[in-house]
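J.: What follows is upload18.cif; its format and atoms are mmCIF, C-alpha atoms; chains and numbers go by the auth columns.
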```cif
data_model
#
loop_
_atom_site.group_PDB
_atom_site.id
_atom_site.type_symbol
_atom_site.label_atom_id
_atom_site.label_comp_id
_atom_site.label_asym_id
_atom_site.label_seq_id
_atom_site.Cartn_x
_atom_site.Cartn_y
_atom_site.Cartn_z
_atom_site.B_iso_or_equiv
_atom_site.auth_seq_id
_atom_site.auth_asym_id
ATOM 1 C CA PHE A 1 -22.246 0.362 -9.350 0.00 1 A
ATOM 2 C CA LEU A 2 -18.526 -0.200 -9.988 0.00 2 A
ATOM 3 C CA VAL A 3 -15.660 1.611 -8.314 0.00 3 A
ATOM 4 C CA ASP A 4 -13.464 3.879 -10.407 0.00 4 A
ATOM 5 C CA HIS A 5 -10.444 3.915 -8.069 0.00 5 A
ATOM 6 C CA GLU A 6 -8.832 1.167 -6.024 0.00 6 A
ATOM 7 C CA VAL A 7 -5.741 1.044 -3.823 0.00 7 A
ATOM 8 C CA HIS A 8 -4.892 -2.545 -3.058 0.00 8 A
ATOM 9 C CA HIS A 9 -2.397 -3.406 -0.286 0.00 9 A
ATOM 10 C CA CYS A 10 -2.310 -7.167 -0.636 0.00 10 A
ATOM 11 C CA ASP A 11 -1.709 -10.011 -3.061 0.00 11 A
ATOM 12 C CA GLY A 12 -3.485 -11.827 -5.877 0.00 12 A
ATOM 13 C CA GLY A 13 -5.146 -10.989 -9.188 0.00 13 A
ATOM 14 C CA PHE A 14 -7.565 -8.393 -7.904 0.00 14 A
ATOM 15 C CA LEU A 15 -8.341 -6.717 -11.254 0.00 15 A
ATOM 16 C CA ASP A 16 -9.354 -10.058 -12.771 0.00 16 A
ATOM 17 C CA THR A 17 -11.714 -10.601 -9.839 0.00 17 A
ATOM 18 C CA LEU A 18 -13.335 -7.192 -10.381 0.00 18 A
ATOM 19 C CA VAL A 19 -13.834 -7.961 -14.070 0.00 19 A
ATOM 20 C CA ARG A 20 -15.508 -11.277 -13.208 0.00 20 A
ATOM 21 C CA VAL A 21 -17.794 -9.514 -10.700 0.00 21 A
ATOM 22 C CA ALA A 22 -18.773 -6.979 -13.368 0.00 22 A
ATOM 23 C CA GLU A 23 -19.566 -9.784 -15.813 0.00 23 A
ATOM 24 C CA VAL A 24 -21.687 -11.602 -13.220 0.00 24 A
ATOM 25 C CA ALA A 25 -23.474 -8.320 -12.466 0.00 25 A
ATOM 26 C CA GLY A 26 -24.682 -8.328 -16.069 0.00 26 A
ATOM 27 C CA LEU A 27 -22.758 -5.407 -17.513 0.00 27 A
ATOM 28 C CA SER A 28 -22.732 -5.243 -21.284 0.00 28 A
ATOM 29 C CA LYS A 29 -19.385 -5.642 -23.023 0.00 29 A
ATOM 30 C CA GLU A 30 -19.442 -1.941 -23.952 0.00 30 A
ATOM 31 C CA ALA A 31 -20.137 -0.862 -20.357 0.00 31 A
ATOM 32 C CA LEU A 32 -17.395 -3.204 -19.119 0.00 32 A
ATOM 33 C CA ARG A 33 -14.930 -1.776 -21.662 0.00 33 A
ATOM 34 C CA GLN A 34 -15.768 1.812 -20.635 0.00 34 A
ATOM 35 C CA TRP A 35 -15.319 0.944 -16.974 0.00 35 A
ATOM 36 C CA GLN A 36 -11.955 -0.727 -17.636 0.00 36 A
ATOM 37 C CA GLU A 37 -10.758 2.412 -19.463 0.00 37 A
ATOM 38 C CA ARG A 38 -11.546 4.723 -16.535 0.00 38 A
ATOM 39 C CA PHE A 39 -10.610 2.304 -13.729 0.00 39 A
ATOM 40 C CA GLU A 40 -7.521 3.364 -11.760 0.00 40 A
ATOM 41 C CA MET A 41 -5.685 1.025 -9.441 0.00 41 A
ATOM 42 C CA ALA A 42 -2.522 0.687 -7.387 0.00 42 A
ATOM 43 C CA TYR A 43 -1.197 -2.710 -6.339 0.00 43 A
ATOM 44 C CA ILE A 44 1.187 -2.365 -3.402 0.00 44 A
ATOM 45 C CA LEU A 45 3.076 -5.338 -1.983 0.00 45 A
ATOM 46 C CA VAL A 46 3.653 -5.000 1.782 0.00 46 A
ATOM 47 C CA ARG A 47 6.614 -6.776 3.378 0.00 47 A
ATOM 48 C CA ARG A 48 6.835 -6.602 7.130 0.00 48 A
ATOM 49 C CA GLY A 49 9.650 -9.111 7.686 0.00 49 A
ATOM 50 C CA THR A 50 12.622 -7.105 6.485 0.00 50 A
ATOM 51 C CA ASN A 51 15.984 -6.972 8.220 0.00 51 A
ATOM 52 C CA ALA A 52 16.393 -3.239 7.615 0.00 52 A
ATOM 53 C CA ARG A 53 16.769 -0.949 10.624 0.00 53 A
ATOM 54 C CA PHE A 54 17.149 2.828 10.535 0.00 54 A
ATOM 55 C CA ARG A 55 18.178 5.377 13.164 0.00 55 A
ATOM 56 C CA THR A 56 18.800 9.107 13.340 0.00 56 A
ATOM 57 C CA GLU A 57 22.312 10.536 13.544 0.00 57 A
ATOM 58 C CA GLU A 58 21.829 10.684 17.326 0.00 58 A
ATOM 59 C CA PHE A 59 21.155 6.898 17.285 0.00 59 A
ATOM 60 C CA GLU A 60 17.466 7.323 18.130 0.00 60 A
ATOM 61 C CA ASN A 61 14.491 5.697 16.445 0.00 61 A
ATOM 62 C CA LEU A 62 12.948 7.426 13.482 0.00 62 A
ATOM 63 C CA PRO A 63 9.738 9.332 14.231 0.00 63 A
ATOM 64 C CA SER A 64 6.384 7.950 13.124 0.00 64 A
ATOM 65 C CA GLY A 65 5.676 8.719 9.468 0.00 65 A
ATOM 66 C CA THR A 66 9.291 8.647 8.331 0.00 66 A
ATOM 67 C CA PHE A 67 9.704 7.163 4.870 0.00 67 A
ATOM 68 C CA ILE A 68 12.755 6.332 2.790 0.00 68 A
ATOM 69 C CA ASP A 69 12.219 6.230 -0.955 0.00 69 A
ATOM 70 C CA LYS A 70 15.685 7.002 -2.322 0.00 70 A
ATOM 71 C CA ASP A 71 19.194 5.548 -2.336 0.00 71 A
ATOM 72 C CA ILE A 72 18.676 2.218 -0.511 0.00 72 A
ATOM 73 C CA VAL A 73 15.523 1.002 -2.262 0.00 73 A
ATOM 74 C CA THR A 74 15.323 -0.572 -5.704 0.00 74 A
ATOM 75 C CA TYR A 75 15.393 1.996 -8.490 0.00 75 A
ATOM 76 C CA ARG A 76 13.004 1.308 -11.371 0.00 76 A
ATOM 77 C CA ASP A 77 12.974 3.028 -14.743 0.00 77 A
ATOM 78 C CA ASP A 78 9.178 3.016 -14.749 0.00 78 A
ATOM 79 C CA PRO A 79 7.927 6.091 -12.787 0.00 79 A
ATOM 80 C CA THR A 80 4.694 4.295 -11.850 0.00 80 A
ATOM 81 C CA LYS A 81 6.592 1.590 -9.933 0.00 81 A
ATOM 82 C CA PHE A 82 8.658 2.338 -6.854 0.00 82 A
ATOM 83 C CA ASP A 83 9.664 1.015 -3.435 0.00 83 A
ATOM 84 C CA PHE A 84 9.766 2.731 -0.062 0.00 84 A
ATOM 85 C CA TYR A 85 10.359 1.909 3.573 0.00 85 A
ATOM 86 C CA MET A 86 8.099 3.458 6.187 0.00 86 A
ATOM 87 C CA VAL A 87 8.163 3.561 9.972 0.00 87 A
ATOM 88 C CA SER A 88 4.507 4.186 10.764 0.00 88 A
ATOM 89 C CA GLN A 89 4.464 3.572 14.515 0.00 89 A
ATOM 90 C CA THR A 90 6.424 5.069 17.381 0.00 90 A
ATOM 91 C CA PHE A 91 8.935 2.785 19.080 0.00 91 A
ATOM 92 C CA VAL A 92 9.953 3.560 22.659 0.00 92 A
ATOM 93 C CA ILE A 93 12.021 0.444 23.346 0.00 93 A
ATOM 94 C CA GLY A 94 14.268 -1.281 20.822 0.00 94 A
ATOM 95 C CA THR A 95 14.944 -0.353 17.228 0.00 95 A
ATOM 96 C CA ALA A 96 12.145 0.633 14.867 0.00 96 A
ATOM 97 C CA LYS A 97 11.271 -2.074 12.368 0.00 97 A
ATOM 98 C CA PRO A 98 10.255 -0.462 9.059 0.00 98 A
ATOM 99 C CA THR A 99 7.814 -1.949 6.575 0.00 99 A
ATOM 100 C CA LEU A 100 8.858 -2.234 2.930 0.00 100 A
ATOM 101 C CA TYR A 101 6.236 -1.249 0.358 0.00 101 A
ATOM 102 C CA SER A 102 6.636 -2.045 -3.349 0.00 102 A
ATOM 103 C CA VAL A 103 4.272 -0.315 -5.761 0.00 103 A
ATOM 104 C CA LEU A 104 4.121 -2.985 -8.474 0.00 104 A
ATOM 105 C CA TYR A 105 1.225 -1.657 -10.557 0.00 105 A
ATOM 106 C CA ASN A 106 -0.085 1.877 -10.564 0.00 106 A
ATOM 107 C CA THR A 107 -2.512 3.675 -12.837 0.00 107 A
ATOM 108 C CA LEU A 108 -3.653 6.184 -10.212 0.00 108 A
ATOM 109 C CA LYS A 109 -3.182 9.867 -10.869 0.00 109 A
ATOM 110 C CA LEU A 110 -1.436 10.282 -7.506 0.00 110 A
ATOM 111 C CA SER A 111 2.148 11.362 -6.988 0.00 111 A
ATOM 112 C CA HIS A 112 4.670 9.172 -5.144 0.00 112 A
ATOM 113 C CA HIS A 113 4.289 11.355 -2.063 0.00 113 A
ATOM 114 C CA GLU A 114 0.465 11.111 -2.148 0.00 114 A
ATOM 115 C CA ILE A 115 0.620 7.296 -2.299 0.00 115 A
ATOM 116 C CA ILE A 116 3.063 7.259 0.624 0.00 116 A
ATOM 117 C CA GLN A 117 0.851 9.685 2.570 0.00 117 A
ATOM 118 C CA LEU A 118 -2.281 7.599 1.892 0.00 118 A
ATOM 119 C CA THR A 119 -0.453 4.459 3.041 0.00 119 A
ATOM 120 C CA TYR A 120 0.654 6.203 6.246 0.00 120 A
ATOM 121 C CA ARG A 121 -2.858 7.464 6.984 0.00 121 A
ATOM 122 C CA LEU A 122 -4.290 3.973 6.485 0.00 122 A
ATOM 123 C CA CYS A 123 -1.928 2.791 9.251 0.00 123 A
ATOM 124 C CA GLY A 124 -3.762 5.084 11.669 0.00 124 A
ATOM 125 C CA VAL A 125 -7.348 3.910 11.181 0.00 125 A
ATOM 126 C CA TYR A 126 -7.102 0.449 12.756 0.00 126 A
ATOM 127 C CA MET A 127 -10.038 0.546 15.161 0.00 127 A
ATOM 128 C CA THR A 128 -8.787 -1.909 17.809 0.00 128 A
ATOM 129 C CA PHE A 129 -5.682 0.170 18.578 0.00 129 A
ATOM 130 C CA SER A 130 -5.645 3.894 19.301 0.00 130 A
ATOM 131 C CA GLY A 131 -2.246 4.602 17.724 0.00 131 A
ATOM 132 C CA MET A 132 -0.488 3.851 14.483 0.00 132 A
ATOM 133 C CA VAL A 133 -0.010 0.222 13.438 0.00 133 A
ATOM 134 C CA SER A 134 2.810 -1.271 11.373 0.00 134 A
ATOM 135 C CA MET A 135 0.829 -1.789 8.154 0.00 135 A
ATOM 136 C CA PRO A 136 -2.333 -0.353 6.554 0.00 136 A
ATOM 137 C CA ALA A 137 -5.520 -1.137 8.471 0.00 137 A
ATOM 138 C CA PRO A 138 -7.299 -2.968 5.602 0.00 138 A
ATOM 139 C CA LEU A 139 -4.393 -5.414 5.469 0.00 139 A
ATOM 140 C CA LYS A 140 -4.445 -5.853 9.272 0.00 140 A
ATOM 141 C CA TYR A 141 -8.196 -6.555 9.104 0.00 141 A
ATOM 142 C CA ALA A 142 -7.663 -9.126 6.344 0.00 142 A
ATOM 143 C CA ALA A 143 -4.947 -10.863 8.394 0.00 143 A
ATOM 144 C CA LYS A 144 -7.200 -10.895 11.455 0.00 144 A
ATOM 145 C CA LEU A 145 -10.098 -12.354 9.468 0.00 145 A
ATOM 146 C CA LEU A 146 -7.814 -15.008 8.018 0.00 146 A
ATOM 147 C CA SER A 147 -6.624 -15.991 11.484 0.00 147 A
ATOM 148 C CA LEU A 148 -10.249 -16.279 12.685 0.00 148 A
ATOM 149 C CA LEU A 149 -11.177 -18.472 9.731 0.00 149 A
ATOM 150 C CA SER A 150 -8.118 -20.742 9.978 0.00 150 A
#
```
Please render this file's structure as structure tokens.
T.:
Amino acid sequence: FLVDHEVHHCDGGFLDTLVRVAEVAGLSKEALRQWQERFEMAYILVRRGTNARFRTEEFENLPSGTFIDKDIVTYRDDPTKFDFYMVSQTFVIGTAKPTLYSVLYNTLKLSHHEIIQLTYRLCGVYMTFSGMVSMPAPLKYAAKLLSLLS
């Protein structure tokens, strides 16, 4: 059984790894080719350490779920690649620190808004915290596992 859709918030050559797993699983070259043709994937680079800060006109923090995908982010001619800032958590004290997301590879049949919405919803399913976290839960879990193994 091979997945047909993948959203990857991380780093590395993930597609190559999936192809190697399929080869080890014993798929024929024809079955592997058919899978590669229908496979959809988004590779999204997540950068937490940005210096950007945003506020409302009343000098308050942006509400949770606010995203900025125009004007101040890098414009790309390719419609499948785009950048956006998102404030996923609520900040009571201090200035909200947004996370910068760069969609570097995308073959999904999702609109820009659907990818942003999926990313926001993934920030709310981190099981060790009842609210929204600053980055998607799968990435938080990977960072936690890495810290336990280091």
J.: Can you translate the PyMOL selection byres ((chain A and resi 60) around 12) into the concrete residues it hits in this file, as number ranges by chain?
T.: A: 53-59, 61-63, 90-96
J.: Looking at A:Lys81, A:Arg38, A:Arg48, A:His112, which one is nearest to Val133 of chain A, with distances taken over all atoms listed in the file?
T.: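 Going through A:Lys81, A:Arg38, A:Arg48, A:His112 one by one, the smallest distance to Val133 of chain A is for A:Arg48.
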J.: Return the single residue from A:Pro79, A:Gly65, A:Gly26, A:Pro98 that is closest to Ala52 of chain A, with distances computed using all atoms listed in the file.
T.: A:Pro98
J.: Under the PyMOL selection byres ((chain A and resi 71) around 12), which residues of this model are included? Write them out as a tab-separated table (two decimals) with C-alpha atoms, keeping the file's coordinate frame.
T.:
```tsv
chain	number	residue	atom	x	y	z
A	68	ILE	CA	12.76	6.33	2.79
A	69	ASP	CA	12.22	6.23	-0.96
A	70	LYS	CA	15.68	7.00	-2.32
A	72	ILE	CA	18.68	2.22	-0.51
A	73	VAL	CA	15.52	1.00	-2.26
A	74	THR	CA	15.32	-0.57	-5.70
A	75	TYR	CA	15.39	2.00	-8.49
A	76	ARG	CA	13.00	1.31	-11.37
A	82	PHE	CA	8.66	2.34	-6.85
A	83	ASP	CA	9.66	1.01	-3.44
A	84	PHE	CA	9.77	2.73	-0.06
A	85	TYR	CA	10.36	1.91	3.57
```
J.: Assuming the chain letters and numbering stay as they are in my file, what does the PyMOL selection byres ((chain A and resi 117) around 12) actually select? List them as a PyMOL selection string.
T.: chain A and resi 65-67+84+86+88+110-116+118-124+136
J.: Could you check which of A:Met127, A:Leu108, A:Val21, A:Val103 is closest to Val46 of chain A, using only C-alpha atoms?
T.: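 Selected residue with least distance to Val46 of chain A: A:Val103.
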